[in-house]
Amino acid sequence: MTVFLARQPILDANLNVFGYELFYRSGFTNHYTGVNADEASTEVIVDTFQSLGLSSLTDGKPAFINFSTALLQREIATLFPAENLVIEILETVVADENTVQNCRRLKEAGYKLALDDFAFQENLMPLLDLADIIKIDLQAVEGNALVKFIQPLKDKRYTLLAEKVETWDQFRLTRDIGFRLFQGYFFSRPEIVTAKKLDPLQISCLRLISKVNEPEFDFDELAEIISRDVSLSYSLIRLVNSAAFAKRETITSIKHALVYLGEREIRKWVSLVALRRISVTKPGIAVVTSMVRARFIELLAARTKWRPYQGLLFLAGLFSLLDVLLQKPMPDILEEIAAPAPMQELLIYGTGPFQDLWEVVLAYEKGRWRGIEDQAAALALAPRVLTEAYLEAVQWSAASAA
């Protein structure tokens, strides 16, 4: 059986990654049809911790995984280190005496407990005193009602986690009234700020990225640009001397290092290094998400008719959150760097020749399996291919950011 695993970041108030919630499906159309909550969560646990490797999926951060009544009673969580797992108790759990006792033992063993979609349900009240994290769905409780809703919880030791945060306004509101963790896609929406020109460093970094992705690759021109920057020069030489490239010769110049790496690795290195240097707000998760998207769509393109455009698609994925990183509208950014027309069409409007492939990437990233079915079938992408490509992209991103 093909297992689909995706992850959604959980951020703190400073936009640092606190952990990841892991999502499960067994196929494109399986929305828990024929798979109950116990089986679904068991698949997540087995495939993540034992088969795929938790650290490669969560970058060493805690994994939030759903636990049903049966899984809590079976104490499945004790198979894994307490520091790697947050036990997310589903809102459907019935907190009978046996379940409460098992949760108390887990708590005493150092595990953190989170109550999912909390709404003061009668069936969960016996677990309230044991919970570390309370997750509240902003789609269910909004505005002034939210302030009143959380008032009984604020005097306790709970960490409040806002789910389905979709805008910066929601993020600010929840942060200001006492929430400490945030889950949703607010980080992919740029804050509205007064528009201004990019500074010279940002422009040069973006143009350097564009330069290495031009059809005509000019080693001399690239060497001249990099040689003017101590940080870039140091990063390049360190990369060439790393174990990954098993260097067998002495590097004598910047150009020599570039030639040694080759065009493909140069493009990736320049893109990643420059991307880190252009951020003005430094929301790390936006950089990580961009890197995963870039590698994911590149790997998928290799299995489709878009294989000749892998480089362009890699760059599109890497640039897909520049509006967040630079706090500027995407059309202005892409115009300043003279991005190719297909890239502008894709990142601004979500349309163009690569639309279906891009929609697969975004749907998989968000665990929206229903949105994947038609596009994947049209692209002749098997479920196994998507799963393997996504996991490789996550692992590549973690290694590149190290």
# chains A, B, ... in the order shown; residues from 1 in each chain; ligands from 1
$ select_by_dssp --residues "stretch 98-226 of chain A" --states "alpha helix (DSSP H)" --output "PyMOL selection string"
chain A and resi 98-108+143-154+168-176+200-212+219-226
$ residues_around --residues "A:Asn144" --least-positions-apart "5" --cutoff "12 Å" --atoms "only C-alpha atoms" --output "list in words"
Leu138, Phe149, Ile150, Gln151, Leu173, Thr174 and Ile177 of chain A
$ residues_around --residues "A:Phe171" --least-positions-apart "4" --cutoff "9 Å" --atoms "only C-alpha atoms" --output "ChimeraX atom specification"
/A:13,162,165-167,175-176,182,186
$ write_last_selection --atoms "N, CA and C atoms" --output "PDB file, in the first residue's frame"
ATOM      1  N   ALA A  13       5.769  32.373  18.298  1.00  0.00           N
ATOM      2  CA  ALA A  13       5.425  33.775  18.057  1.00  0.00           C
ATOM      3  C   ALA A  13       6.483  34.515  17.250  1.00  0.00           C
ATOM      4  N   ALA A 162      -3.157  28.148  17.993  1.00  0.00           N
ATOM      5  CA  ALA A 162      -4.197  28.578  17.054  1.00  0.00           C
ATOM      6  C   ALA A 162      -4.068  27.779  15.763  1.00  0.00           C
ATOM      7  N   VAL A 165      -4.731  29.360  10.960  1.00  0.00           N
ATOM      8  CA  VAL A 165      -4.389  30.775  10.883  1.00  0.00           C
ATOM      9  C   VAL A 165      -4.117  31.087   9.423  1.00  0.00           C
ATOM     10  N   GLU A 166      -4.945  31.893   8.811  1.00  0.00           N
ATOM     11  CA  GLU A 166      -4.852  32.116   7.377  1.00  0.00           C
ATOM     12  C   GLU A 166      -4.323  33.496   6.995  1.00  0.00           C
ATOM     13  N   THR A 167      -4.319  34.445   7.914  1.00  0.00           N
ATOM     14  CA  THR A 167      -3.895  35.804   7.582  1.00  0.00           C
ATOM     15  C   THR A 167      -2.980  36.354   8.667  1.00  0.00           C
ATOM     16  N   ARG A 175      -1.743  36.117  18.687  1.00  0.00           N
ATOM     17  CA  ARG A 175      -0.505  36.340  19.437  1.00  0.00           C
ATOM     18  C   ARG A 175      -0.735  37.350  20.564  1.00  0.00           C
ATOM     19  N   ASP A 176      -1.463  38.415  20.266  1.00  0.00           N
ATOM     20  CA  ASP A 176      -1.663  39.483  21.246  1.00  0.00           C
ATOM     21  C   ASP A 176      -2.550  39.060  22.410  1.00  0.00           C
ATOM     22  N   PHE A 182       1.224  28.498  16.537  1.00  0.00           N
ATOM     23  CA  PHE A 182       0.355  28.870  15.425  1.00  0.00           C
ATOM     24  C   PHE A 182       0.513  27.864  14.292  1.00  0.00           C
ATOM     25  N   PHE A 186      -0.647  31.280   7.187  1.00  0.00           N
ATOM     26  CA  PHE A 186      -0.486  32.724   7.226  1.00  0.00           C
ATOM     27  C   PHE A 186       0.884  33.162   6.755  1.00  0.00           C
TER      28      PHE A 186
END
$ atom_distance --atom1 "atom CA of A:Ala341" --atom2 "atom CA of A:Leu313"
12.4 Å
$ residues_around --residues "A:Ala382" --least-positions-apart "4" --cutoff "12 Å" --atoms "only C-alpha atoms" --output "PDB file with N, CA and C atoms, in the first residue's frame"
ATOM      1  N   THR A   2       0.511   2.225  -0.807  1.00  0.00           N
ATOM      2  CA  THR A   2       1.237   3.486  -0.842  1.00  0.00           C
ATOM      3  C   THR A   2       0.765   4.382   0.292  1.00  0.00           C
ATOM      4  N   VAL A   3       1.699   4.911   1.040  1.00  0.00           N
ATOM      5  CA  VAL A   3       1.367   5.800   2.156  1.00  0.00           C
ATOM      6  C   VAL A   3       1.692   7.238   1.778  1.00  0.00           C
ATOM      7  N   PHE A   4       0.743   8.122   1.976  1.00  0.00           N
ATOM      8  CA  PHE A   4       0.971   9.547   1.757  1.00  0.00           C
ATOM      9  C   PHE A   4       1.266  10.202   3.095  1.00  0.00           C
ATOM     10  N   GLY A  27      -3.926   6.834  -0.105  1.00  0.00           N
ATOM     11  CA  GLY A  27      -4.016   6.948  -1.547  1.00  0.00           C
ATOM     12  C   GLY A  27      -4.694   8.238  -1.933  1.00  0.00           C
ATOM     13  N   PHE A  28      -4.751   8.508  -3.233  1.00  0.00           N
ATOM     14  CA  PHE A  28      -5.327   9.756  -3.723  1.00  0.00           C
ATOM     15  C   PHE A  28      -6.765   9.957  -3.238  1.00  0.00           C
ATOM     16  N   LEU A 300       9.459  15.803  -9.539  1.00  0.00           N
ATOM     17  CA  LEU A 300       8.259  15.393 -10.256  1.00  0.00           C
ATOM     18  C   LEU A 300       8.381  15.688 -11.745  1.00  0.00           C
ATOM     19  N   ARG A 303       9.778  13.156 -14.079  1.00  0.00           N
ATOM     20  CA  ARG A 303       8.966  11.996 -14.435  1.00  0.00           C
ATOM     21  C   ARG A 303       7.821  12.353 -15.381  1.00  0.00           C
ATOM     22  N   THR A 304       7.848  13.584 -15.899  1.00  0.00           N
ATOM     23  CA  THR A 304       6.764  14.032 -16.769  1.00  0.00           C
ATOM     24  C   THR A 304       7.328  14.636 -18.055  1.00  0.00           C
ATOM     25  N   VAL A 360      -0.327  20.076  -7.934  1.00  0.00           N
ATOM     26  CA  VAL A 360       0.008  18.836  -7.232  1.00  0.00           C
ATOM     27  C   VAL A 360       0.950  19.132  -6.066  1.00  0.00           C
ATOM     28  N   ILE A 372      -5.289  16.386  -5.516  1.00  0.00           N
ATOM     29  CA  ILE A 372      -4.170  15.780  -6.242  1.00  0.00           C
ATOM     30  C   ILE A 372      -4.639  14.814  -7.328  1.00  0.00           C
ATOM     31  N   GLU A 373      -5.761  14.166  -7.107  1.00  0.00           N
ATOM     32  CA  GLU A 373      -6.149  13.010  -7.921  1.00  0.00           C
ATOM     33  C   GLU A 373      -6.146  13.276  -9.418  1.00  0.00           C
ATOM     34  N   ASP A 374      -6.905  14.264  -9.863  1.00  0.00           N
ATOM     35  CA  ASP A 374      -7.036  14.493 -11.303  1.00  0.00           C
ATOM     36  C   ASP A 374      -5.721  14.932 -11.929  1.00  0.00           C
ATOM     37  N   GLN A 375      -5.024  15.882 -11.266  1.00  0.00           N
ATOM     38  CA  GLN A 375      -3.774  16.389 -11.840  1.00  0.00           C
ATOM     39  C   GLN A 375      -2.719  15.286 -11.932  1.00  0.00           C
ATOM     40  N   ALA A 376      -2.596  14.483 -10.874  1.00  0.00           N
ATOM     41  CA  ALA A 376      -1.592  13.418 -10.878  1.00  0.00           C
ATOM     42  C   ALA A 376      -1.882  12.396 -11.963  1.00  0.00           C
ATOM     43  N   ALA A 377      -3.153  12.058 -12.132  1.00  0.00           N
ATOM     44  CA  ALA A 377      -3.525  11.091 -13.167  1.00  0.00           C
ATOM     45  C   ALA A 377      -3.190  11.637 -14.549  1.00  0.00           C
ATOM     46  N   ALA A 378      -3.466  12.915 -14.766  1.00  0.00           N
ATOM     47  CA  ALA A 378      -3.179  13.525 -16.064  1.00  0.00           C
ATOM     48  C   ALA A 378      -1.687  13.557 -16.354  1.00  0.00           C
ATOM     49  N   LEU A 386       5.031  10.281  -5.940  1.00  0.00           N
ATOM     50  CA  LEU A 386       4.819  11.498  -5.170  1.00  0.00           C
ATOM     51  C   LEU A 386       5.383  11.369  -3.759  1.00  0.00           C
ATOM     52  N   THR A 387       5.090  10.241  -3.123  1.00  0.00           N
ATOM     53  CA  THR A 387       5.569  10.038  -1.753  1.00  0.00           C
ATOM     54  C   THR A 387       7.086  10.061  -1.690  1.00  0.00           C
ATOM     55  N   GLU A 388       7.734   9.324  -2.571  1.00  0.00           N
ATOM     56  CA  GLU A 388       9.191   9.254  -2.558  1.00  0.00           C
ATOM     57  C   GLU A 388       9.819  10.606  -2.873  1.00  0.00           C
ATOM     58  N   ALA A 389       9.234  11.332  -3.838  1.00  0.00           N
ATOM     59  CA  ALA A 389       9.777  12.637  -4.217  1.00  0.00           C
ATOM     60  C   ALA A 389       9.624  13.645  -3.077  1.00  0.00           C
TER      61      ALA A 389
END
